[in-house]
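Participant: Please see the structure below; I have some questions.
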Amino acid sequence: MPENVESVTEDILKETRNIYISAQSLIRRLCDRFDEPPRDLIDMCEDIISSVYRIEVN
């Protein structure tokens, strides 16, 4: 694989990790802020986390 493709791939993986961390952080903040956090936002974050996990595994 040419070096530039490897570099782009690594950049994409870094960004997906950032998205994963942001989604986890948002869930924590929602749970801290609300007695009953909005379930639709929690579900959305969990979907993002699952999608990023699948990208990283593959």
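Here's how to read the names in the structure tokens: chain A, B, ... by the order shown, residue numbers from 1 in each chain, ligand numbers from 1 in the order shown.
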What lies within 12 Å of range 21-31 of chain A using only C-alpha atoms, ignoring chain neighbours under 3 positions off, as a list in words?
Facilitator: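 Final neighbour list, sorted by chain and number: Lys14, Glu15, Thr16, Arg17, Asn18, Phe34, Asp35, Glu36, Pro37, Pro38, Arg39, Asp40, Leu41, Ile42, Asp43, Met44, Cys45, Glu46, Asp47, Ile48, Ile49, Ser50, Ser51, Val52 and Tyr53 of chain A.
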